[in-house]
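Undergrad: target.cif is reproduced in full below (mmCIF, C-alpha atoms and all ligand atoms).
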```cif
data_protein
#
loop_
_atom_site.label_atom_id
_atom_site.label_comp_id
_atom_site.auth_asym_id
_atom_site.auth_seq_id
_atom_site.Cartn_x
_atom_site.Cartn_y
_atom_site.Cartn_z
CA MET A 1 -35.66 10.86 6.37
CA ARG A 2 -33.87 14.19 6.71
CA SER A 3 -31.81 15.54 3.77
CA ILE A 4 -28.05 15.40 4.02
CA GLU A 5 -25.10 16.43 1.86
CA LEU A 6 -21.79 14.57 1.84
CA ILE A 7 -18.83 16.62 0.63
CA GLN A 8 -15.75 14.44 0.38
CA PRO A 9 -12.34 14.54 -1.32
CA LYS A 10 -12.46 13.82 -5.07
CA ARG A 11 -9.94 11.08 -4.59
CA ILE A 12 -9.02 9.00 -1.54
CA VAL A 13 -6.07 6.64 -1.88
CA PHE A 14 -5.59 4.12 0.91
CA GLY A 15 -2.72 1.69 1.32
CA ALA A 16 0.80 1.09 2.52
CA GLY A 17 3.30 3.18 0.56
CA CYS A 18 0.76 5.48 -1.14
CA ALA A 19 2.08 8.64 0.59
CA GLN A 20 4.97 8.96 -1.88
CA GLY A 21 2.41 9.37 -4.70
CA TRP A 22 2.01 13.14 -4.18
CA VAL A 23 4.80 13.94 -6.66
CA ASP A 24 3.23 12.06 -9.57
CA ILE A 25 -0.17 13.52 -8.75
CA ALA A 26 1.18 17.10 -8.74
CA VAL A 27 2.93 16.44 -12.07
CA ALA A 28 -0.15 14.80 -13.61
CA GLU A 29 -2.32 17.73 -12.52
CA GLY A 30 0.12 20.15 -14.15
CA LYS A 31 1.05 21.89 -10.88
CA GLN A 32 4.50 23.49 -11.02
CA ARG A 33 4.77 25.42 -7.77
CA VAL A 34 4.17 23.11 -4.83
CA LEU A 35 4.16 24.11 -1.18
CA LEU A 36 5.08 21.17 1.05
CA LEU A 37 4.20 21.68 4.72
CA SER A 38 5.45 19.21 7.29
CA THR A 39 7.33 18.93 10.54
CA ASP A 40 10.09 16.96 12.27
CA PRO A 41 10.55 13.99 12.35
CA ILE A 42 8.48 13.50 9.18
CA TRP A 43 10.87 15.42 6.90
CA ALA A 44 13.25 12.46 6.98
CA VAL A 45 10.55 10.20 5.52
CA LEU A 46 9.87 12.74 2.76
CA ASP A 47 13.51 13.11 1.65
CA ARG A 48 13.21 10.62 -1.20
CA SER A 49 10.04 12.08 -2.68
CA ILE A 50 11.45 15.62 -2.35
CA ASP A 51 14.44 14.54 -4.48
CA VAL A 52 12.11 12.97 -7.05
CA ALA A 53 9.96 16.12 -7.11
CA ARG A 54 13.01 18.28 -7.88
CA GLN A 55 14.19 15.83 -10.56
CA LYS A 56 10.78 16.08 -12.21
CA GLY A 57 11.11 19.87 -12.34
CA LEU A 58 8.67 20.88 -9.63
CA GLN A 59 9.37 24.18 -7.90
CA LEU A 60 9.16 23.11 -4.33
CA MET A 61 8.89 25.24 -1.22
CA CYS A 62 9.38 23.19 1.97
CA LEU A 63 7.75 24.95 4.89
CA ASP A 64 8.46 23.71 8.39
CA TYR A 65 5.65 23.67 10.93
CA THR A 66 7.56 23.80 14.19
CA TRP A 67 5.30 22.15 16.70
CA ARG A 68 5.04 24.23 19.88
CA SER A 69 1.41 23.85 20.78
CA GLU A 70 -1.87 23.51 18.95
CA PRO A 71 -2.08 25.81 15.91
CA ASP A 72 -2.92 29.46 16.54
CA THR A 73 -3.47 32.63 14.53
CA ASP A 74 0.09 33.92 15.18
CA MET A 75 1.59 30.67 13.88
CA PHE A 76 -0.64 30.90 10.81
CA GLU A 77 0.51 34.48 10.19
CA GLY A 78 4.19 33.48 10.48
CA LEU A 79 3.83 30.60 8.02
CA TYR A 80 1.64 32.64 5.67
CA ARG A 81 4.30 35.38 5.45
CA GLN A 82 6.95 32.83 4.52
CA CYS A 83 4.99 31.49 1.55
CA GLU A 84 2.97 34.59 0.58
CA SER A 85 5.04 35.48 -2.49
CA PHE A 86 5.40 31.85 -3.62
CA GLY A 87 1.82 31.57 -4.88
CA PRO A 88 1.46 27.78 -4.63
CA GLN A 89 -0.52 25.94 -7.30
CA ALA A 90 -0.64 22.93 -5.01
CA VAL A 91 -0.36 22.55 -1.23
CA VAL A 92 0.77 19.20 0.16
CA SER A 93 0.35 18.90 3.91
CA VAL A 94 1.95 15.95 5.68
CA GLY A 95 1.51 15.46 9.43
CA GLY A 96 -0.88 15.11 12.32
CA GLY A 97 -4.12 17.04 12.67
CA SER A 98 -2.44 20.35 13.51
CA VAL A 99 -0.22 20.26 10.42
CA LEU A 100 -3.10 19.19 8.17
CA ASP A 101 -5.37 21.93 9.54
CA MET A 102 -2.65 24.53 9.02
CA GLY A 103 -1.99 23.29 5.47
CA LYS A 104 -5.70 23.43 4.67
CA LEU A 105 -5.90 27.04 5.91
CA LEU A 106 -2.71 28.12 4.10
CA ALA A 107 -4.19 26.67 0.89
CA ALA A 108 -7.61 28.27 1.29
CA LEU A 109 -6.25 31.65 2.41
CA ALA A 110 -3.31 31.72 -0.04
CA SER A 111 -4.76 34.54 -2.14
CA GLY A 112 -4.61 36.87 0.87
CA THR A 113 -8.12 38.25 0.38
CA GLN A 114 -9.30 36.76 3.68
CA LYS A 115 -7.66 36.27 7.08
CA PRO A 116 -8.47 33.61 9.71
CA ALA A 117 -10.36 36.22 11.75
CA ASP A 118 -12.76 36.68 8.81
CA VAL A 119 -13.61 33.01 8.48
CA PHE A 120 -14.12 31.61 12.01
CA GLY A 121 -17.46 29.80 11.89
CA LYS A 122 -19.27 28.02 9.12
CA ASN A 123 -19.19 28.61 5.35
CA LEU A 124 -17.36 31.94 5.43
CA LEU A 125 -14.45 31.00 3.18
CA GLU A 126 -14.91 32.40 -0.32
CA ARG A 127 -12.79 30.00 -2.34
CA ARG A 128 -9.64 27.97 -2.81
CA ASP A 129 -7.74 28.11 -6.08
CA ASN A 130 -5.05 25.49 -5.54
CA LEU A 131 -4.87 21.72 -5.40
CA LEU A 132 -4.86 20.47 -1.80
CA ILE A 133 -3.34 17.10 -0.90
CA CYS A 134 -3.38 15.86 2.70
CA ILE A 135 -1.28 12.98 4.01
CA PRO A 136 -2.00 12.07 7.66
CA THR A 137 0.76 10.70 9.90
CA THR A 138 -1.54 10.04 12.86
CA ALA A 139 -4.79 8.07 12.98
CA GLY A 140 -6.99 10.56 14.78
CA THR A 141 -8.37 13.80 13.45
CA GLY A 142 -9.60 12.61 10.07
CA SER A 143 -8.74 16.12 8.91
CA GLU A 144 -7.55 14.62 5.59
CA VAL A 145 -11.19 14.11 4.56
CA SER A 146 -13.05 16.71 6.64
CA PRO A 147 -14.14 20.31 6.01
CA ASN A 148 -12.90 21.43 9.44
CA ALA A 149 -9.84 23.26 10.74
CA ILE A 150 -9.29 24.30 14.35
CA LEU A 151 -7.26 27.34 15.33
CA PHE A 152 -6.63 29.21 18.58
CA ASP A 153 -7.61 32.82 18.14
CA LYS A 154 -4.82 34.72 19.89
CA ARG A 155 -7.02 37.84 20.17
CA ASP A 156 -9.15 36.22 22.87
CA ASP A 157 -7.19 32.99 23.42
CA GLU A 158 -10.16 30.89 22.39
CA LYS A 159 -10.13 27.73 20.32
CA LYS A 160 -12.33 28.18 17.27
CA GLY A 161 -13.50 26.12 14.32
CA ILE A 162 -13.44 27.02 10.63
CA ILE A 163 -15.80 24.86 8.62
CA SER A 164 -16.11 25.12 4.87
CA PRO A 165 -16.35 22.90 1.79
CA TRP A 166 -13.18 24.71 0.60
CA LEU A 167 -11.30 22.98 3.42
CA VAL A 168 -12.10 19.51 2.08
CA PRO A 169 -8.85 18.35 0.42
CA ASP A 170 -8.91 17.35 -3.25
CA LEU A 171 -6.87 14.27 -2.41
CA ALA A 172 -6.25 12.26 0.71
CA LEU A 173 -3.35 9.83 0.65
CA ILE A 174 -3.90 7.56 3.64
CA ASP A 175 -0.78 5.50 4.16
CA PRO A 176 -0.77 3.38 7.35
CA GLU A 177 3.04 3.04 7.13
CA MET A 178 3.27 6.76 7.87
CA THR A 179 1.77 6.13 11.33
CA CYS A 180 4.05 3.24 12.38
CA SER A 181 6.63 5.45 14.10
CA LEU A 182 4.04 7.36 16.13
CA PRO A 183 4.88 6.84 19.86
CA PRO A 184 2.40 4.89 22.05
CA LYS A 185 1.13 7.95 23.95
CA LEU A 186 0.26 9.85 20.76
CA THR A 187 -1.17 6.71 19.17
CA ALA A 188 -3.48 6.32 22.17
CA GLU A 189 -4.58 9.95 22.36
CA THR A 190 -5.18 10.41 18.64
CA GLY A 191 -6.90 7.02 18.39
CA MET A 192 -9.28 7.97 21.19
CA ASP A 193 -10.02 11.23 19.34
CA ALA A 194 -11.03 9.22 16.27
CA LEU A 195 -13.22 7.06 18.52
CA CYS A 196 -14.91 10.22 19.83
CA HIS A 197 -15.62 11.39 16.26
CA CYS A 198 -17.35 8.10 15.47
CA ILE A 199 -19.29 7.79 18.76
CA GLU A 200 -20.35 11.43 18.78
CA ALA A 201 -21.56 11.19 15.18
CA TYR A 202 -23.40 7.91 15.76
CA THR A 203 -25.20 9.12 18.89
CA ASN A 204 -25.62 12.68 17.56
CA LYS A 205 -28.99 14.44 17.67
CA PHE A 206 -28.55 14.89 13.90
CA ALA A 207 -27.21 11.40 13.21
CA HIS A 208 -28.02 10.05 9.75
CA PRO A 209 -27.96 6.52 8.27
CA THR A 210 -25.46 7.59 5.56
CA VAL A 211 -22.95 8.49 8.25
CA ASP A 212 -23.95 5.80 10.80
CA LEU A 213 -22.30 3.27 8.50
CA TYR A 214 -18.93 5.00 8.74
CA ALA A 215 -19.30 5.63 12.46
CA LEU A 216 -20.14 2.05 13.46
CA LYS A 217 -17.33 0.60 11.37
CA GLY A 218 -14.92 3.11 12.88
CA ILE A 219 -16.01 2.18 16.43
CA GLU A 220 -15.49 -1.50 15.67
CA TYR A 221 -12.03 -1.02 14.12
CA ILE A 222 -10.79 1.23 16.90
CA TYR A 223 -12.07 -0.96 19.72
CA LYS A 224 -10.48 -4.03 18.16
CA ASN A 225 -7.16 -2.47 17.11
CA LEU A 226 -6.15 0.48 19.29
CA ARG A 227 -4.49 -1.64 22.00
CA THR A 228 -2.36 -3.42 19.41
CA ALA A 229 -1.44 -0.17 17.63
CA VAL A 230 -0.32 1.29 20.99
CA ASN A 231 1.63 -1.79 22.11
CA GLU A 232 3.06 -2.91 18.74
CA GLY A 233 3.67 0.21 16.70
CA ASN A 234 4.89 -1.71 13.67
CA ASN A 235 1.82 -3.95 13.44
CA ILE A 236 0.70 -2.83 9.99
CA GLU A 237 -2.69 -4.56 10.20
CA ALA A 238 -3.59 -2.67 13.39
CA ARG A 239 -2.17 0.58 11.95
CA SER A 240 -4.20 0.04 8.74
CA ALA A 241 -7.42 -0.52 10.70
CA MET A 242 -6.75 2.61 12.75
CA ALA A 243 -5.95 4.71 9.66
CA LEU A 244 -9.20 3.58 8.07
CA ALA A 245 -11.17 4.23 11.27
CA SER A 246 -9.72 7.71 11.48
CA MET A 247 -10.88 8.32 7.92
CA TYR A 248 -14.36 7.05 8.82
CA GLY A 249 -14.40 9.46 11.76
CA GLY A 250 -13.32 12.30 9.48
CA LEU A 251 -16.11 11.48 7.01
CA CYS A 252 -18.58 11.91 9.89
CA LEU A 253 -17.30 15.38 10.78
CA GLY A 254 -18.69 17.30 7.80
CA PRO A 255 -22.28 16.05 7.57
CA VAL A 256 -22.92 15.37 11.30
CA ASN A 257 -19.93 16.44 13.44
CA THR A 258 -19.21 15.92 17.15
CA SER A 259 -21.12 16.91 20.29
CA ALA A 260 -20.56 17.31 24.03
CA VAL A 261 -17.21 15.51 24.41
CA HIS A 262 -15.57 17.91 21.99
CA ALA A 263 -17.44 20.91 23.46
CA LEU A 264 -16.37 20.09 27.02
CA SER A 265 -12.78 19.57 25.88
CA TYR A 266 -12.39 23.15 24.62
CA GLY A 267 -11.66 24.53 28.10
CA LEU A 268 -9.21 21.74 28.89
CA ALA A 269 -7.28 22.64 25.74
CA GLY A 270 -7.66 26.40 26.22
CA LYS A 271 -6.94 26.78 29.93
CA TYR A 272 -4.77 23.74 30.62
CA HIS A 273 -3.31 23.15 27.15
CA PHE A 274 -4.31 19.48 27.11
CA ALA A 275 -3.64 17.83 23.74
CA HIS A 276 -6.89 17.55 21.79
CA GLY A 277 -7.07 13.75 21.86
CA LEU A 278 -6.19 13.52 25.55
CA ALA A 279 -8.88 16.01 26.55
CA ASN A 280 -11.52 14.08 24.60
CA ALA A 281 -10.32 10.71 25.85
CA VAL A 282 -10.61 11.70 29.51
CA LEU A 283 -14.14 13.01 28.97
CA LEU A 284 -15.52 10.26 26.73
CA PRO A 285 -16.77 7.63 29.25
CA ALA A 286 -18.37 10.29 31.49
CA VAL A 287 -20.20 11.93 28.60
CA MET A 288 -21.27 8.53 27.26
CA THR A 289 -22.73 7.68 30.68
CA PHE A 290 -24.63 10.99 30.70
CA ASN A 291 -25.89 10.57 27.11
CA MET A 292 -26.74 6.88 27.24
CA GLU A 293 -30.34 7.40 28.39
CA ALA A 294 -31.13 9.40 25.25
CA ASP A 295 -30.96 6.29 23.07
CA LEU A 296 -30.28 2.98 24.79
CA GLU A 297 -30.76 1.05 21.58
CA LYS A 298 -28.03 2.91 19.69
CA ASN A 299 -25.70 2.60 22.66
CA ALA A 300 -26.36 -1.14 22.78
CA ARG A 301 -25.68 -1.39 19.03
CA MET A 302 -22.30 0.25 19.53
CA ALA A 303 -21.42 -2.37 22.13
CA LEU A 304 -22.43 -5.14 19.73
CA ALA A 305 -20.35 -3.55 16.94
CA MET A 306 -17.38 -3.67 19.31
CA GLY A 307 -17.91 -7.42 19.53
CA LEU A 308 -19.33 -7.47 23.07
CA PRO A 309 -22.02 -10.04 23.93
CA ASP A 310 -25.71 -9.16 24.02
CA LYS A 311 -26.60 -8.94 27.73
CA GLY A 312 -30.27 -9.64 27.07
CA ASN A 313 -31.48 -6.10 27.73
CA MET A 314 -30.49 -2.89 26.07
CA ARG A 315 -29.47 -0.98 29.18
CA ALA A 316 -27.07 -3.70 30.34
CA THR A 317 -25.57 -4.09 26.85
CA ALA A 318 -25.20 -0.31 26.48
CA LEU A 319 -23.54 -0.06 29.90
CA SER A 320 -21.10 -2.84 29.03
CA GLY A 321 -20.06 -0.77 26.00
CA VAL A 322 -19.30 2.29 28.13
CA GLU A 323 -17.33 0.17 30.59
CA ALA A 324 -15.39 -1.48 27.76
CA ILE A 325 -14.40 1.92 26.39
CA ARG A 326 -13.29 3.04 29.87
CA GLU A 327 -11.14 -0.10 30.06
CA LEU A 328 -9.73 0.48 26.55
CA SER A 329 -8.79 4.02 27.53
CA ARG A 330 -7.10 2.79 30.75
CA ASP A 331 -5.26 -0.01 28.94
CA CYS A 332 -3.91 2.51 26.45
CA GLY A 333 -2.44 4.59 29.27
CA ILE A 334 -4.94 7.46 29.26
CA PRO A 335 -5.19 9.06 32.74
CA GLN A 336 -8.68 8.61 34.14
CA SER A 337 -9.04 11.74 36.27
CA LEU A 338 -8.78 15.47 35.63
CA SER A 339 -7.00 16.11 38.94
CA SER A 340 -4.19 13.73 37.96
CA LEU A 341 -3.66 16.05 34.99
CA GLY A 342 -3.53 19.18 37.16
CA VAL A 343 -7.14 20.40 36.92
CA LYS A 344 -8.34 22.15 40.08
CA LYS A 345 -11.84 21.86 41.53
CA GLU A 346 -12.23 25.64 41.71
CA ASP A 347 -11.70 25.87 37.93
CA LEU A 348 -14.64 23.63 37.00
CA PRO A 349 -17.16 26.52 36.72
CA GLU A 350 -14.81 28.36 34.35
CA LEU A 351 -14.36 25.19 32.25
CA ALA A 352 -18.15 24.91 32.04
CA ASP A 353 -18.34 28.59 30.99
CA MET A 354 -15.92 27.83 28.16
CA ALA A 355 -17.87 24.72 27.10
CA MET A 356 -21.13 26.70 26.98
CA LYS A 357 -19.62 28.90 24.27
CA VAL A 358 -19.33 25.90 21.93
CA LYS A 359 -23.04 25.92 21.13
CA ARG A 360 -22.53 24.63 17.58
CA LEU A 361 -21.41 21.28 19.11
CA LEU A 362 -23.60 21.27 22.24
CA ASN A 363 -26.63 21.64 19.98
CA ASN A 364 -25.70 18.26 18.48
CA ASN A 365 -25.73 16.47 21.81
CA PRO A 366 -28.47 13.83 22.18
CA ARG A 367 -29.29 15.06 25.72
CA GLU A 368 -29.64 18.70 26.64
CA LEU A 369 -26.53 19.72 28.49
CA GLU A 370 -26.44 23.04 30.33
CA TRP A 371 -23.81 24.68 32.55
CA LYS A 372 -24.89 22.72 35.65
CA GLU A 373 -24.62 19.37 33.89
CA ALA A 374 -21.24 20.34 32.44
CA VAL A 375 -19.90 21.04 35.95
CA GLU A 376 -21.33 17.71 37.14
CA ILE A 377 -19.59 15.82 34.33
CA TYR A 378 -16.24 17.48 35.11
CA GLN A 379 -16.84 16.76 38.81
CA SER A 380 -17.56 13.09 38.13
CA ILE A 381 -14.07 12.60 36.67
CA LEU A 382 -12.15 15.04 38.89
FE FE B 401 -11.39 15.66 17.48
#
```
Any chance you could put this one into structure tokens?
Ligand SMILES: [Fe+2]

TA:
Amino acid sequence: MRSIELIQPKRIVFGAGCAQGWVDIAVAEGKQRVLLLSTDPIWAVLDRSIDVARQKGLQLMCLDYTWRSEPDTDMFEGLYRQCESFGPQAVVSVGGGSVLDMGKLLAALASGTQKPADVFGKNLLERRDNLLICIPTTAGTGSEVSPNAILFDKRDDEKKGIISPWLVPDLALIDPEMTCSLPPKLTAETGMDALCHCIEAYTNKFAHPTVDLYALKGIEYIYKNLRTAVNEGNNIEARSAMALASMYGGLCLGPVNTSAVHALSYGLAGKYHFAHGLANAVLLPAVMTFNMEADLEKNARMALAMGLPDKGNMRATALSGVEAIRELSRDCGIPQSLSSLGVKKEDLPELADMAMKVKRLLNNNPRELEWKEAVEIYQSIL
């Protein structure tokens, strides 16, 4: 069995209401200057704990991440300048994947010795000196437990990954109540992103039994709960299962990571500004169909984990899993074609060019996928 290293937060707290615990944790850790990064409409939920933090003597800087699009280097620079002189001893990031990623980068780059441009890629961050607490308000990216952050590089308008153990938060406070007000569309898109993390890790060329456990459980929870979370936002059981599944997906990202779905989605985000989860969701069934042949047994096991019946042969069971995920996606309101989202046939070669640049993820794919196959996959869902 191949060697593997799991780098995870020191402390993961899961449960309804746990998000408010960041104040006591900062106090207990002796952190005086706390940078709190969040965005509307989450500030309203944080009002009470902000008051408590001030009563307990914390010096608090509240930094607003105004959501315009996915995070980019210019946005990082703007936020960094606002908190540069504050010198936070703790960074608390509360929001969806974009806010968490930005908070992770602000924490790790707080000393000013490195800029995002210096650290695109793997293991290039030198250190992080502050306590980092992440509180997710979506069930999708799993960024609260992962070593990844994604940023658009405005120099060449390309989406790039920063991967480092210094981006793994010290604490993740996973509070399903924080996701209850998430609208159905965002619940669907982020939930499908979490599903991609689990499926792409489980079927990955570098899949590993330590991570397979997380991935299979995540696939089961998402398949059985995403519809309810979309249709009944206040269903705390469904929200809890989704929050946990998102965490499972995030735990897969460091040691194994994603593959072709995420690679092929880069162009859709870069050229067409699709939301991350939407881009992945549209691609998922097509990439699963392409990849299925690489390991029918694993694909069949995913279908069984979802609670589907054994069809008596692996190919039929595996296929039923792909079809069930297509149906889940449709039921959750995800558009099923690229053209319905404005993608033009003549742009498919350029999208494939962009996907080919994401070698670090394509190398993980269980089937070799070159430019021609990428175009064919886009074509199949045009
Ligand atoms: Fe993702």

Undergrad: Select from region 198-266 of chain A every residue with an atom at most 12 Å from any atom of region 336-358 of chain A, then for each give the shortest pair of atoms and their distance in Å to one decimal, using all atoms listed in the file, rows by chain and rising number, as a Markdown table.

TA:
```
| residue | atom | partner | partner_atom | distance |
| --- | --- | --- | --- | --- |
| A:Thr258 | CA | A:Val358 | CA | 11.1 |
| A:Ser259 | CA | A:Val358 | CA | 9.3 |
| A:Ala260 | CA | A:Ala355 | CA | 8.5 |
| A:Val261 | CA | A:Ala355 | CA | 9.6 |
| A:His262 | CA | A:Ala355 | CA | 8.8 |
| A:Ala263 | CA | A:Ala355 | CA | 5.3 |
| A:Leu264 | CA | A:Ala355 | CA | 4.9 |
| A:Ser265 | CA | A:Ala355 | CA | 7.3 |
| A:Tyr266 | CA | A:Ala355 | CA | 6.2 |
```

Undergrad: Counting all atoms listed in the file, name the residues that have an atom within 8 Å of an atom of ligand FE 401 (chain B); the answer should be given as a list of chain:residue names.

TA: A:Gly140, A:Thr141, A:Asp193, A:Ala194, A:Cys196, A:His197, A:Thr258, A:His262, A:His276, A:Gly277, A:Asn280

Undergrad: Counting only C-alpha atoms, which residues in region 171-211 of chain A sit no more than 8 Å from region 116-133 of chain A? For each one, give the nearest pair of atoms and the distance in Å, sorted by chain then residue number, as a Markdown table.

TA:
```
| residue | atom | partner | partner_atom | distance |
| --- | --- | --- | --- | --- |
| A:Leu171 | CA | A:Ile133 | CA | 4.8 |
| A:Ala172 | CA | A:Ile133 | CA | 5.9 |
| A:Leu173 | CA | A:Ile133 | CA | 7.4 |
```

Undergrad: Find the residues near Cys332 (chain A): any atom within 12 Å, counting only C-alpha atoms, skip ones fewer than 3 places away on the same chain, and give them as a PyMOL selection string.

TA: chain A and resi 183-192+222-223+225-232+278+281-282+325-329+335-336

Undergrad: Around all listed atoms of region 336-344 of chain A, padded 3 Å per side, what centre and edge lengths does the axis-aligned box have in Å to one decimal, as AutoDock Vina command-line options?

TA:
```
--center_x -6.3 --center_y 15.4 --center_z 37.1 --size_x 11.5 --size_y 19.5 --size_z 11.9
```

Undergrad: Give me, as a PyMOL selection string, all polymer residues having an atom no more than 7 Å from Lys159 (chain A), counting only C-alpha atoms and skipping those fewer than 6 positions away in the same chain.

TA: chain A and resi 150-153+266+270

Undergrad: Atoms are missing here; could region 193-209 of chain A be completed with N, CA and C atoms and written as an mmCIF file, keeping the file's coordinate frame?

TA:
```cif
data_model
loop_
_atom_site.group_PDB
_atom_site.id
_atom_site.type_symbol
_atom_site.label_atom_id
_atom_site.label_comp_id
_atom_site.auth_asym_id
_atom_site.auth_seq_id
_atom_site.Cartn_x
_atom_site.Cartn_y
_atom_site.Cartn_z
ATOM 1 N N ASP A 193 -9.340 10.108 20.012
ATOM 2 C CA ASP A 193 -10.020 11.230 19.340
ATOM 3 C C ASP A 193 -10.869 10.703 18.183
ATOM 4 N N ALA A 194 -10.275 9.808 17.392
ATOM 5 C CA ALA A 194 -11.030 9.220 16.270
ATOM 6 C C ALA A 194 -12.262 8.467 16.790
ATOM 7 N N LEU A 195 -12.083 7.786 17.925
ATOM 8 C CA LEU A 195 -13.220 7.060 18.520
ATOM 9 C C LEU A 195 -14.331 8.049 18.910
ATOM 10 N N CYS A 196 -13.927 9.192 19.478
ATOM 11 C CA CYS A 196 -14.910 10.220 19.830
ATOM 12 C C CYS A 196 -15.665 10.707 18.591
ATOM 13 N N HIS A 197 -14.946 10.924 17.487
ATOM 14 C CA HIS A 197 -15.620 11.390 16.260
ATOM 15 C C HIS A 197 -16.725 10.404 15.861
ATOM 16 N N CYS A 198 -16.382 9.108 15.910
ATOM 17 C CA CYS A 198 -17.350 8.100 15.470
ATOM 18 C C CYS A 198 -18.515 7.990 16.458
ATOM 19 N N ILE A 199 -18.220 7.943 17.757
ATOM 20 C CA ILE A 199 -19.290 7.790 18.760
ATOM 21 C C ILE A 199 -20.179 9.034 18.786
ATOM 22 N N GLU A 200 -19.556 10.201 18.712
ATOM 23 C CA GLU A 200 -20.350 11.430 18.780
ATOM 24 C C GLU A 200 -21.198 11.648 17.522
ATOM 25 N N ALA A 201 -20.743 11.109 16.396
ATOM 26 C CA ALA A 201 -21.560 11.190 15.180
ATOM 27 C C ALA A 201 -22.706 10.178 15.255
ATOM 28 N N TYR A 202 -22.387 8.971 15.734
ATOM 29 C CA TYR A 202 -23.400 7.910 15.760
ATOM 30 C C TYR A 202 -24.533 8.215 16.737
ATOM 31 N N THR A 203 -24.179 8.834 17.871
ATOM 32 C CA THR A 203 -25.200 9.120 18.890
ATOM 33 C C THR A 203 -25.728 10.553 18.775
ATOM 34 N N ASN A 204 -25.304 11.269 17.750
ATOM 35 C CA ASN A 204 -25.620 12.680 17.560
ATOM 36 C C ASN A 204 -27.135 12.910 17.412
ATOM 37 N N LYS A 205 -27.581 14.082 17.863
ATOM 38 C CA LYS A 205 -28.990 14.440 17.670
ATOM 39 C C LYS A 205 -29.335 14.483 16.179
ATOM 40 N N PHE A 206 -28.320 14.798 15.347
ATOM 41 C CA PHE A 206 -28.550 14.890 13.900
ATOM 42 C C PHE A 206 -27.902 13.719 13.151
ATOM 43 N N ALA A 207 -27.800 12.596 13.840
ATOM 44 C CA ALA A 207 -27.210 11.400 13.210
ATOM 45 C C ALA A 207 -28.021 11.042 11.955
ATOM 46 N N HIS A 208 -27.353 10.381 11.017
ATOM 47 C CA HIS A 208 -28.020 10.050 9.750
ATOM 48 C C HIS A 208 -27.511 8.683 9.268
ATOM 49 N N PRO A 209 -28.389 7.863 8.696
ATOM 50 C CA PRO A 209 -27.960 6.520 8.270
ATOM 51 C C PRO A 209 -26.748 6.523 7.333
#
```
